[in-house]
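Visitor: The structure file coords_5.pdb (PDB, C-alpha atoms and all ligand atoms) is provided below.
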ATOM      1  CA  MET A 627       0.000   0.000   0.000
ATOM      2  CA  LYS A 628       2.827   2.387   0.892
ATOM      3  CA  GLU A 629       4.462   1.711  -2.471
ATOM      4  CA  THR A 630       1.163   2.372  -4.278
ATOM      5  CA  ILE A 631       0.510   5.571  -2.351
ATOM      6  CA  ASN A 632       4.041   6.845  -2.983
ATOM      7  CA  TYR A 633       3.725   6.040  -6.681
ATOM      8  CA  ILE A 634       0.475   8.025  -6.960
ATOM      9  CA  GLN A 635       1.611  10.863  -4.725
ATOM     10  CA  ASP A 636       4.759  11.365  -6.829
ATOM     11  CA  ARG A 637       2.517  12.118  -9.804
ATOM     12  CA  LEU A 638       0.111  14.527  -8.119
ATOM     13  CA  THR A 639       0.108  18.297  -8.172
ATOM     14  CA  THR A 640      -2.836  18.727  -5.780
ATOM     15  CA  MET A 641      -4.078  16.344  -3.100
ATOM     16  CA  PRO A 642      -7.476  14.838  -3.946
ATOM     17  CA  GLU A 643     -10.264  15.382  -1.417
ATOM     18  CA  VAL A 644     -12.998  13.238  -2.934
ATOM     19  CA  GLY A 645     -12.829   9.729  -4.366
ATOM     20  CA  LEU A 646     -15.134   8.975  -7.264
ATOM     21  CA  VAL A 647     -15.869   5.501  -8.622
ATOM     22  CA  LEU A 648     -17.514   5.473 -12.042
ATOM     23  CA  GLY A 649     -19.531   2.391 -12.946
ATOM     24  CA  SER A 650     -20.432   0.663 -16.219
ATOM     25  CA  GLY A 651     -21.047   3.116 -19.039
ATOM     26  CA  LEU A 652     -20.392   6.126 -16.775
ATOM     27  CA  GLY A 653     -16.619   6.342 -17.166
ATOM     28  CA  VAL A 654     -16.741   9.201 -19.672
ATOM     29  CA  LEU A 655     -17.696  11.571 -16.843
ATOM     30  CA  ALA A 656     -14.009  11.561 -15.917
ATOM     31  CA  GLU A 657     -13.204  13.274 -19.201
ATOM     32  CA  GLU A 658     -14.514  16.541 -17.703
ATOM     33  CA  ILE A 659     -11.626  16.699 -15.284
ATOM     34  CA  ILE A 660      -9.420  19.721 -15.802
ATOM     35  CA  ASP A 661      -5.629  19.230 -16.122
ATOM     36  CA  PRO A 662      -5.969  15.540 -15.398
ATOM     37  CA  VAL A 663      -3.206  13.282 -14.212
ATOM     38  CA  ILE A 664      -4.052   9.970 -15.876
ATOM     39  CA  ILE A 665      -2.578   6.728 -14.574
ATOM     40  CA  PRO A 666      -3.554   3.399 -16.184
ATOM     41  CA  TYR A 667      -4.181   0.741 -13.550
ATOM     42  CA  GLU A 668      -1.554  -1.554 -15.079
ATOM     43  CA  ASP A 669       1.114   1.077 -14.320
ATOM     44  CA  ILE A 670       0.230   1.296 -10.624
ATOM     45  CA  PRO A 671       2.167  -1.064  -8.363
ATOM     46  CA  GLY A 672      -0.233  -3.266  -6.403
ATOM     47  CA  PHE A 673      -3.296  -2.479  -8.531
ATOM     48  CA  PRO A 674      -5.284  -5.245 -10.232
ATOM     49  CA  VAL A 675      -6.139  -4.748 -13.906
ATOM     50  CA  SER A 676      -9.780  -4.395 -14.980
ATOM     51  CA  THR A 677     -11.073  -6.816 -17.618
ATOM     52  CA  VAL A 678     -14.800  -6.063 -18.099
ATOM     53  CA  GLU A 679     -16.078  -4.296 -21.220
ATOM     54  CA  GLY A 680     -17.122  -0.681 -20.763
ATOM     55  CA  HIS A 681     -14.441  -0.098 -18.121
ATOM     56  CA  ALA A 682     -11.366   1.829 -19.198
ATOM     57  CA  GLY A 683      -9.272   1.017 -16.160
ATOM     58  CA  ARG A 684      -7.404   4.127 -15.084
ATOM     59  CA  LEU A 685      -7.121   6.687 -12.324
ATOM     60  CA  ILE A 686      -7.903  10.225 -13.391
ATOM     61  CA  ILE A 687      -6.917  12.850 -10.863
ATOM     62  CA  GLY A 688      -7.677  16.551 -11.082
ATOM     63  CA  GLU A 689     -10.339  19.183 -10.522
ATOM     64  CA  LEU A 690     -14.008  18.546 -11.106
ATOM     65  CA  SER A 691     -16.425  21.347 -10.290
ATOM     66  CA  GLY A 692     -13.680  23.061  -8.298
ATOM     67  CA  VAL A 693     -12.991  20.004  -6.140
ATOM     68  CA  PRO A 694      -9.794  17.960  -6.391
ATOM     69  CA  VAL A 695     -10.949  14.400  -7.099
ATOM     70  CA  MET A 696      -9.397  11.017  -7.605
ATOM     71  CA  THR A 697     -11.574   9.165 -10.098
ATOM     72  CA  MET A 698     -11.591   5.485 -10.849
ATOM     73  CA  GLN A 699     -12.601   5.099 -14.468
ATOM     74  CA  GLY A 700     -13.604   1.473 -14.178
ATOM     75  CA  ARG A 701     -13.689  -0.598 -11.026
ATOM     76  CA  PHE A 702     -12.861  -4.148 -10.032
ATOM     77  CA  HIS A 703     -15.569  -6.755  -9.593
ATOM     78  CA  TYR A 704     -15.598  -9.904  -7.497
ATOM     79  CA  TYR A 705     -16.845 -11.872 -10.526
ATOM     80  CA  GLU A 706     -13.636 -11.070 -12.377
ATOM     81  CA  GLY A 707     -11.938 -13.470 -10.004
ATOM     82  CA  TYR A 708     -10.112 -11.066  -7.684
ATOM     83  CA  ASP A 709     -10.483 -11.537  -3.961
ATOM     84  CA  MET A 710     -12.325  -8.981  -1.855
ATOM     85  CA  GLN A 711      -9.089  -7.322  -0.683
ATOM     86  CA  LYS A 712      -7.979  -6.736  -4.282
ATOM     87  CA  ILE A 713     -11.326  -5.226  -5.290
ATOM     88  CA  THR A 714     -11.282  -2.776  -2.416
ATOM     89  CA  PHE A 715      -7.562  -1.998  -2.536
ATOM     90  CA  PRO A 716      -8.152   1.317  -4.397
ATOM     91  CA  ILE A 717     -10.465   2.437  -1.567
ATOM     92  CA  ARG A 718      -7.713   1.700   0.953
ATOM     93  CA  VAL A 719      -5.338   3.715  -1.204
ATOM     94  CA  MET A 720      -7.813   6.620  -1.145
ATOM     95  CA  GLN A 721      -7.986   6.277   2.630
ATOM     96  CA  GLY A 722      -4.186   6.299   2.734
ATOM     97  CA  LEU A 723      -4.205   9.508   0.687
ATOM     98  CA  ASP A 724      -6.451  11.032   3.367
ATOM     99  CA  ILE A 725      -9.555  11.193   1.151
ATOM    100  CA  LYS A 726     -12.562  11.525   3.469
ATOM    101  CA  THR A 727     -15.438  11.418   0.986
ATOM    102  CA  LEU A 728     -16.274   8.672  -1.484
ATOM    103  CA  ILE A 729     -18.845   8.923  -4.262
ATOM    104  CA  VAL A 730     -19.693   5.579  -5.881
ATOM    105  CA  THR A 731     -21.813   5.088  -8.970
ATOM    106  CA  ASN A 732     -23.026   1.917 -10.598
ATOM    107  CA  ALA A 733     -25.382   0.442 -13.143
ATOM    108  CA  ALA A 734     -28.146  -1.579 -11.514
ATOM    109  CA  GLY A 735     -31.271  -3.530 -12.326
ATOM    110  CA  GLY A 736     -34.566  -2.037 -11.136
ATOM    111  CA  ILE A 737     -36.545  -4.139  -8.656
ATOM    112  CA  ASN A 738     -38.847  -1.397  -7.384
ATOM    113  CA  LEU A 739     -41.813  -1.504  -9.776
ATOM    114  CA  THR A 740     -42.125   2.294  -9.858
ATOM    115  CA  PHE A 741     -38.654   2.551 -11.442
ATOM    116  CA  THR A 742     -38.015   2.579 -15.198
ATOM    117  CA  PRO A 743     -34.794   2.191 -17.193
ATOM    118  CA  GLY A 744     -33.101   5.573 -16.797
ATOM    119  CA  THR A 745     -34.187   6.140 -13.180
ATOM    120  CA  ILE A 746     -31.425   7.586 -11.029
ATOM    121  CA  MET A 747     -31.477   6.119  -7.520
ATOM    122  CA  LEU A 748     -29.760   7.528  -4.474
ATOM    123  CA  ILE A 749     -28.617   4.538  -2.424
ATOM    124  CA  THR A 750     -29.970   4.827   1.124
ATOM    125  CA  ASP A 751     -28.688   1.451   2.328
ATOM    126  CA  HIS A 752     -27.480  -1.870   1.007
ATOM    127  CA  ILE A 753     -27.897  -5.606   1.500
ATOM    128  CA  ASN A 754     -24.711  -7.616   1.186
ATOM    129  CA  LEU A 755     -25.582 -10.879  -0.557
ATOM    130  CA  MET A 756     -22.099 -11.581  -1.850
ATOM    131  CA  GLY A 757     -21.612 -14.273   0.760
ATOM    132  CA  THR A 758     -18.374 -12.725   1.928
ATOM    133  CA  ASN A 759     -16.975  -9.488   3.312
ATOM    134  CA  PRO A 760     -13.815  -7.546   2.431
ATOM    135  CA  LEU A 761     -12.969  -7.171   6.140
ATOM    136  CA  ILE A 762     -12.634 -10.917   6.761
ATOM    137  CA  GLY A 763      -9.165 -11.651   8.091
ATOM    138  CA  PRO A 764      -6.926 -10.011  10.656
ATOM    139  CA  ASN A 765      -8.005  -6.440  11.420
ATOM    140  CA  LEU A 766      -5.444  -3.680  11.104
ATOM    141  CA  ALA A 767      -6.389  -1.206  13.817
ATOM    142  CA  GLN A 768      -4.786   1.693  11.908
ATOM    143  CA  PHE A 769      -7.281   1.014   9.074
ATOM    144  CA  GLY A 770     -10.403   0.874  11.249
ATOM    145  CA  PRO A 771     -12.274  -1.025  13.978
ATOM    146  CA  ARG A 772     -12.809  -4.811  14.051
ATOM    147  CA  PHE A 773     -16.607  -4.460  14.017
ATOM    148  CA  PRO A 774     -17.439  -1.282  12.092
ATOM    149  CA  ASP A 775     -20.899   0.257  12.494
ATOM    150  CA  MET A 776     -22.900   0.321   9.248
ATOM    151  CA  THR A 777     -25.949   2.225  10.528
ATOM    152  CA  GLN A 778     -25.218   5.196   8.278
ATOM    153  CA  ALA A 779     -23.226   3.492   5.550
ATOM    154  CA  TYR A 780     -24.556   6.101   3.099
ATOM    155  CA  CYS A 781     -24.032   9.488   4.753
ATOM    156  CA  PRO A 782     -27.318  11.309   5.522
ATOM    157  CA  ARG A 783     -25.662  14.708   5.085
ATOM    158  CA  LEU A 784     -24.352  13.820   1.617
ATOM    159  CA  ARG A 785     -27.729  12.372   0.682
ATOM    160  CA  ALA A 786     -29.434  15.615   1.683
ATOM    161  CA  ILE A 787     -26.987  17.576  -0.492
ATOM    162  CA  ALA A 788     -27.693  15.228  -3.421
ATOM    163  CA  GLN A 789     -31.453  15.703  -3.042
ATOM    164  CA  LYS A 790     -31.092  19.481  -2.799
ATOM    165  CA  VAL A 791     -29.004  19.595  -5.984
ATOM    166  CA  ALA A 792     -31.394  17.224  -7.797
ATOM    167  CA  GLN A 793     -34.316  19.447  -6.894
ATOM    168  CA  GLU A 794     -32.498  22.540  -8.167
ATOM    169  CA  LEU A 795     -31.763  20.742 -11.443
ATOM    170  CA  GLY A 796     -35.282  19.362 -11.801
ATOM    171  CA  ILE A 797     -33.965  15.794 -11.661
ATOM    172  CA  ASN A 798     -36.218  13.217 -10.051
ATOM    173  CA  LEU A 799     -33.734  11.490  -7.743
ATOM    174  CA  ARG A 800     -35.377   8.355  -6.391
ATOM    175  CA  GLU A 801     -34.150   6.572  -3.267
ATOM    176  CA  GLY A 802     -33.718   2.924  -2.439
ATOM    177  CA  VAL A 803     -31.838  -0.064  -1.107
ATOM    178  CA  TYR A 804     -29.145  -1.675  -3.262
ATOM    179  CA  ALA A 805     -28.682  -5.437  -3.112
ATOM    180  CA  GLY A 806     -25.164  -6.530  -4.008
ATOM    181  CA  LEU A 807     -24.723 -10.005  -5.528
ATOM    182  CA  THR A 808     -21.581 -11.527  -7.001
ATOM    183  CA  GLY A 809     -22.857 -12.123 -10.538
ATOM    184  CA  PRO A 810     -21.724 -12.544 -13.264
ATOM    185  CA  SER A 811     -24.970 -14.282 -14.238
ATOM    186  CA  TYR A 812     -27.937 -11.948 -13.973
ATOM    187  CA  GLU A 813     -30.591 -12.929 -11.445
ATOM    188  CA  THR A 814     -33.472 -15.290 -12.095
ATOM    189  CA  PRO A 815     -37.042 -13.935 -11.835
ATOM    190  CA  ALA A 816     -37.424 -15.952  -8.603
ATOM    191  CA  GLU A 817     -34.345 -14.286  -7.154
ATOM    192  CA  ILE A 818     -35.735 -10.870  -8.053
ATOM    193  CA  LYS A 819     -39.021 -11.675  -6.252
ATOM    194  CA  PHE A 820     -36.969 -12.720  -3.248
ATOM    195  CA  LEU A 821     -34.904  -9.518  -3.370
ATOM    196  CA  ARG A 822     -38.061  -7.412  -3.544
ATOM    197  CA  ALA A 823     -39.525  -9.274  -0.566
ATOM    198  CA  ILE A 824     -36.443  -8.576   1.562
ATOM    199  CA  GLY A 825     -36.545  -4.870   0.798
ATOM    200  CA  ALA A 826     -34.254  -4.302  -2.171
ATOM    201  CA  ASP A 827     -35.080  -1.656  -4.787
ATOM    202  CA  ALA A 828     -32.137  -2.297  -7.094
ATOM    203  CA  VAL A 829     -29.632  -5.054  -7.741
ATOM    204  CA  GLY A 830     -26.058  -5.028  -8.939
ATOM    205  CA  MET A 831     -22.678  -6.716  -8.825
ATOM    206  CA  SER A 832     -20.478  -4.050  -7.263
ATOM    207  CA  THR A 833     -20.355  -1.192  -4.727
ATOM    208  CA  VAL A 834     -21.046  -3.171  -1.536
ATOM    209  CA  PRO A 835     -17.406  -4.217  -0.896
ATOM    210  CA  GLU A 836     -16.119  -0.703  -1.585
ATOM    211  CA  VAL A 837     -18.707   0.869   0.710
ATOM    212  CA  ILE A 838     -17.906  -1.561   3.538
ATOM    213  CA  VAL A 839     -14.199  -0.738   3.317
ATOM    214  CA  ALA A 840     -14.857   3.006   3.055
ATOM    215  CA  ASN A 841     -17.002   2.878   6.198
ATOM    216  CA  HIS A 842     -14.360   0.816   7.967
ATOM    217  CA  GLY A 843     -11.869   3.528   7.090
ATOM    218  CA  GLY A 844     -14.128   6.301   8.400
ATOM    219  CA  MET A 845     -14.971   7.756   4.987
ATOM    220  CA  LYS A 846     -18.338   9.376   4.246
ATOM    221  CA  VAL A 847     -20.069   7.664   1.313
ATOM    222  CA  LEU A 848     -22.545   8.768  -1.318
ATOM    223  CA  GLY A 849     -23.907   6.104  -3.651
ATOM    224  CA  ILE A 850     -25.830   6.597  -6.878
ATOM    225  CA  SER A 851     -27.310   3.833  -9.024
ATOM    226  CA  CYS A 852     -28.274   4.261 -12.630
ATOM    227  CA  ILE A 853     -31.186   1.907 -13.227
ATOM    228  CA  THR A 854     -30.188   0.638 -16.657
ATOM    229  CA  ASN A 855     -32.840  -2.061 -16.998
ATOM    230  CA  MET A 856     -35.700  -3.568 -15.092
ATOM    231  CA  ALA A 857     -34.506  -6.670 -13.258
ATOM    232  CA  ALA A 858     -35.201 -10.204 -14.522
ATOM    233  CA  GLY A 859     -38.852 -11.163 -14.878
ATOM    234  CA  VAL A 860     -40.185  -7.627 -14.334
ATOM    235  CA  SER A 861     -40.835  -6.582 -17.922
ATOM    236  CA  GLY A 862     -40.761  -9.960 -19.645
ATOM    237  CA  GLN A 863     -37.718  -8.817 -21.624
ATOM    238  CA  ARG A 864     -34.393 -10.602 -21.565
ATOM    239  CA  LEU A 865     -31.326  -8.920 -20.104
ATOM    240  CA  ASN A 866     -28.049  -8.102 -21.784
ATOM    241  CA  HIS A 867     -24.976  -6.005 -21.088
ATOM    242  CA  ASP A 868     -25.455  -3.902 -24.242
ATOM    243  CA  GLU A 869     -28.754  -2.585 -22.891
ATOM    244  CA  VAL A 870     -27.025  -1.737 -19.610
ATOM    245  CA  ILE A 871     -24.361   0.322 -21.395
ATOM    246  CA  GLU A 872     -26.913   1.929 -23.741
ATOM    247  CA  THR A 873     -29.169   3.174 -20.918
ATOM    248  CA  ALA A 874     -26.179   4.330 -18.875
ATOM    249  CA  ASN A 875     -25.111   6.417 -21.871
ATOM    250  CA  LYS A 876     -28.575   8.009 -22.092
ATOM    251  CA  VAL A 877     -28.666   8.939 -18.405
ATOM    252  CA  ARG A 878     -25.148  10.297 -18.473
ATOM    253  CA  ASP A 879     -26.013  13.973 -18.983
ATOM    254  CA  ASN A 880     -28.335  14.076 -15.964
ATOM    255  CA  LEU A 881     -25.890  12.119 -13.869
ATOM    256  CA  ARG A 882     -23.104  14.435 -14.951
ATOM    257  CA  SER A 883     -25.048  17.563 -13.880
ATOM    258  CA  LEU A 884     -25.984  15.883 -10.627
ATOM    259  CA  LEU A 885     -22.414  14.874  -9.796
ATOM    260  CA  LEU A 886     -20.988  18.282 -10.705
ATOM    261  CA  GLY A 887     -23.672  19.971  -8.587
ATOM    262  CA  ILE A 888     -23.014  17.693  -5.640
ATOM    263  CA  LEU A 889     -19.258  18.318  -5.783
ATOM    264  CA  ASN A 890     -19.930  22.034  -5.970
ATOM    265  CA  ASN A 891     -21.983  21.845  -2.765
ATOM    266  CA  LEU A 892     -19.593  19.735  -0.721
ATOM    267  CA  ARG A 893     -17.694  22.581   0.884
TER
HETATM  268  N1  LIG B   1     -28.708  -7.274 -12.318
HETATM  269  C1  LIG B   1     -27.476  -7.215 -11.784
HETATM  270  N2  LIG B   1     -26.595  -6.267 -12.093
HETATM  271  C2  LIG B   1     -26.957  -5.346 -13.006
HETATM  272  C3  LIG B   1     -28.218  -5.351 -13.597
HETATM  273  C4  LIG B   1     -29.139  -6.372 -13.253
HETATM  274  O1  LIG B   1     -30.283  -6.452 -13.736
HETATM  275  N3  LIG B   1     -28.261  -4.287 -14.449
HETATM  276  C5  LIG B   1     -27.061  -3.679 -14.356
HETATM  277  N4  LIG B   1     -26.272  -4.301 -13.475
END
Could you spell out this file's structure in C-alpha cells?
Ligand code: HPA
Guide:
Amino acid sequence: MKETINYIQDRLTTMPEVGLVLGSGLGVLAEEIIDPVIIPYEDIPGFPVSTVEGHAGRLIIGELSGVPVMTMQGRFHYYEGYDMQKITFPIRVMQGLDIKTLIVTNAAGGINLTFTPGTIMLITDHINLMGTNPLIGPNLAQFGPRFPDMTQAYCPRLRAIAQKVAQELGINLREGVYAGLTGPSYETPAEIKFLRAIGADAVGMSTVPEVIVANHGGMKVLGISCITNMAAGVSGQRLNHDEVIETANKVRDNLRSLLLGILNNLR
C-alpha cells in the first residue's frame, strides 16, 4: 500500500479530497476533469487490472467542479476473479491519501416496480448478498475497527446535499436499497421476487465491498445507481450487457449535472 501511495503521490500536483468511482457506461464523466493526471491501472504497483467491457481502467486525478478528485474510471468486480481485498484496494489507497469522501456510482437492475430504465437512484442502504466481506481476516487497527458500524453506511448529510441539488436541477432522484450479488450471471425472476420481498429496490454486482471498506476507514459515502434495466422477470424482456451500457449512456447527462452539482456543494 505504501508503495502504491508513494507512486500516486509522486505524480500529483494537488491532493485529492474526494474519491469517485464510475460504474459501467459512466466512465466518460471523468473526461470533464481539468488538467488531469491519468494513470492506467496496469502502471500502478499493487493495482489489479480491470477486464470487463465498458471499463477503461485508469485513475484520473484533477479538478471537477472546483474540487480535487481522484476518479476510478472502471472498477474491479468480485466476478472477475479477484479476492475482496484486491477489489477494495483502491479504496484503501484513497484512505491512505487522506480522502474523506467517497462517491460511488453503478449500473443496476430495477426491482422497485415504480422505477423505469433511466431512473437515477440515491442509495440509502445496502444488503450484502455476496456471501463474503472484504474485512474478513486479521483487522489492522490503523485502518479501522474490528466491528465497524454500518448504521449510516450512506451518509445522511451527503444524501441531503444530493437531493437538494437534484431538486435545483429538476432531476427526479429516487431513493432505495441496493442489493449486491456476485454475478456474473444476472438474477433469475425468482431471485428478483426474493430480493423485492427482503426490501431491495435495485440489484447489482459491485459497490457493496467498496462501501464496507470506506465505512471501515471512516470515509463518508454517497452512492448513486443508474437503473439501466428492469430486473429479470419484471418486464418480460431478456437482459443483456449492451442494454445496460446503452441506458447508462442516455442517463449520463443528468448524472453528470448531478455529480458536478453535488461536488460544488460539498464545501
Ligand atoms: N442485475 C445485476 N446487475 C446489473 C443489472 C441487473 O439487472 N443491471 C445492471 N447491473
Visitor: Compile a residue-level contact table for chain A against ligand LIG 1 (chain B) at a cut-off of 7 Å, reporting for every qualifying residue the shortest atom pair and its distance in Å to one decimal, with all atoms listed in the file counted, rows ordered by chain and ascending number, as a tab-separated table.
Guide:
residue	atom	partner	partner_atom	distance
A:Ala733	CA	B:LIG1	C5	4.6
A:Ala734	CA	B:LIG1	C5	3.7
A:Gly735	CA	B:LIG1	O1	3.4
A:Gly736	CA	B:LIG1	O1	6.7
A:Gly809	CA	B:LIG1	C1	6.9
A:Tyr812	CA	B:LIG1	N1	5.0
A:Glu813	CA	B:LIG1	N1	6.0
A:Val829	CA	B:LIG1	C1	5.1
A:Gly830	CA	B:LIG1	N2	3.4
A:Met831	CA	B:LIG1	N2	5.1
A:Ile853	CA	B:LIG1	N3	7.0
A:Thr854	CA	B:LIG1	N3	5.7
A:Asn855	CA	B:LIG1	N3	5.7
A:Met856	CA	B:LIG1	O1	6.3
A:Ala857	CA	B:LIG1	O1	4.3
A:Ala858	CA	B:LIG1	O1	6.2
A:Leu865	CA	B:LIG1	O1	6.9
A:Val870	CA	B:LIG1	C5	5.6
Visitor: Nearest to Asp775 (chain A) among A:Val839, A:Val877, A:Arg637, A:Ile664, with distances taken over all atoms listed in the file: which residue is it?
Guide: A:Val839
Visitor: Starting from the shown file, work through the PyMOL selection byres (((chain A and resi 819) around 12) and not hetatm) and note down what comes out as an MDAnalysis selection string.
Guide: chainID A and resid 736:739 813:818 820:829 857:860
Visitor: Selection in question (the file shown): the PyMOL selection byres (((chain A and resi 887-890) around 7) and not hetatm). Which residues does it include, as JSON, numbers by chain?
Guide: {"A": [691, 692, 693, 787, 788, 791, 883, 884, 885, 886, 891, 892]}
Visitor: List, as a VMD selection string, every residue that the PyMOL selection byres (((chain A and resi 707) around 12) and not hetatm) selects in the file provided.
Guide: chain A and resid 674 to 678 702 to 706 708 to 713 808 to 810
Visitor: Using only C-alpha atoms, what does the table of region 833-892 of chain A residues within 9 Å of region 643-649 of chain A look like, with each row giving the shortest atom pair and its distance in Å to one decimal, sorted by chain and ascending number, as CSV?
Guide:
residue,atom,partner,partner_atom,distance
A:Thr833,CA,A:Val647,CA,8.9
A:Ser851,CA,A:Gly649,CA,8.8
A:Cys852,CA,A:Gly649,CA,8.9
A:Leu889,CA,A:Val644,CA,8.6
Visitor: Please provide the set of residues having any atom within 7 Å of Val847 (chain A), restricted to all atoms listed in the file, with same-chain residues fewer than 6 positions apart removed, written as a VMD selection string.
Guide: chain A and resid 727 to 729 779 to 781 837
Visitor: With all atoms listed in the file as the counted atoms, please give the residues lying no more than 12 Å from Thr697 (chain A), apart from itself and same-chain residues fewer than 4 positions off, as number ranges by chain.
Guide: A: 642-649, 652-659, 662-667, 682-690, 693, 701, 716-717, 720, 725, 727-731
Visitor: Generate a file of the selected residues that holds C-alpha atoms, formatted as a compact mmCIF listing (two decimals), keeping the file's coordinate frame.
Guide:
# COMPACT_ATOMS: atom_id res chain seq x y z
CA PRO A 642 -7.48 14.84 -3.95
CA GLU A 643 -10.26 15.38 -1.42
CA VAL A 644 -13.00 13.24 -2.93
CA GLY A 645 -12.83 9.73 -4.37
CA LEU A 646 -15.13 8.98 -7.26
CA VAL A 647 -15.87 5.50 -8.62
CA LEU A 648 -17.51 5.47 -12.04
CA GLY A 649 -19.53 2.39 -12.95
CA LEU A 652 -20.39 6.13 -16.77
CA GLY A 653 -16.62 6.34 -17.17
CA VAL A 654 -16.74 9.20 -19.67
CA LEU A 655 -17.70 11.57 -16.84
CA ALA A 656 -14.01 11.56 -15.92
CA GLU A 657 -13.20 13.27 -19.20
CA GLU A 658 -14.51 16.54 -17.70
CA ILE A 659 -11.63 16.70 -15.28
CA PRO A 662 -5.97 15.54 -15.40
CA VAL A 663 -3.21 13.28 -14.21
CA ILE A 664 -4.05 9.97 -15.88
CA ILE A 665 -2.58 6.73 -14.57
CA PRO A 666 -3.55 3.40 -16.18
CA TYR A 667 -4.18 0.74 -13.55
CA ALA A 682 -11.37 1.83 -19.20
CA GLY A 683 -9.27 1.02 -16.16
CA ARG A 684 -7.40 4.13 -15.08
CA LEU A 685 -7.12 6.69 -12.32
CA ILE A 686 -7.90 10.22 -13.39
CA ILE A 687 -6.92 12.85 -10.86
CA GLY A 688 -7.68 16.55 -11.08
CA GLU A 689 -10.34 19.18 -10.52
CA LEU A 690 -14.01 18.55 -11.11
CA VAL A 693 -12.99 20.00 -6.14
CA ARG A 701 -13.69 -0.60 -11.03
CA PRO A 716 -8.15 1.32 -4.40
CA ILE A 717 -10.46 2.44 -1.57
CA MET A 720 -7.81 6.62 -1.14
CA ILE A 725 -9.56 11.19 1.15
CA THR A 727 -15.44 11.42 0.99
CA LEU A 728 -16.27 8.67 -1.48
CA ILE A 729 -18.84 8.92 -4.26
CA VAL A 730 -19.69 5.58 -5.88
CA THR A 731 -21.81 5.09 -8.97
Visitor: What gap, in Å, lies between CA of Gly672 (chain A) and CA of Pro771 (chain A)?
Guide: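 Interatomic distance here is 23.8 Å.
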Visitor: To one decimal in Å, tell me the separation between CA of His867 (chain A) and CA of Gly757 (chain A).
Guide: 23.6 Å
Visitor: What separation in Å, quoted to one decimal, exists between CA of Pro671 (chain A) and CA of Val719 (chain A)?
Guide: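 Between CA of Pro671 (chain A) and CA of Val719 (chain A) the gap works out to 11.4 Å.
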Visitor: Have a look at A:Thr777, A:Thr758, A:Ser650, A:Thr745 and name the one nearest to Glu801 (chain A); count only C-alpha atoms.
Guide: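 Nearest candidate to Glu801 (chain A) out of A:Thr777, A:Thr758, A:Ser650, A:Thr745: A:Thr745.
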Visitor: Which one of A:Ile871, A:Thr750, A:Arg864, A:Asp636 sits closest to Arg783 (chain A) if you count only C-alpha atoms?
Guide: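 Checking each candidate against Arg783 (chain A), we get A:Thr750 as the closest.
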Visitor: Could you check the closest approach to Ser832 (chain A) for each of A:Met776, A:Ala767, A:Leu748, A:Met756 and tell me which residue wins, using all atoms listed in the file?
Guide: A:Met756
Visitor: Which of these, A:Gln768, A:Ser861, A:Asn875, A:Thr640, has the shortest distance to Gly843 (chain A) once you count all atoms listed in the file?
Guide: A:Gln768
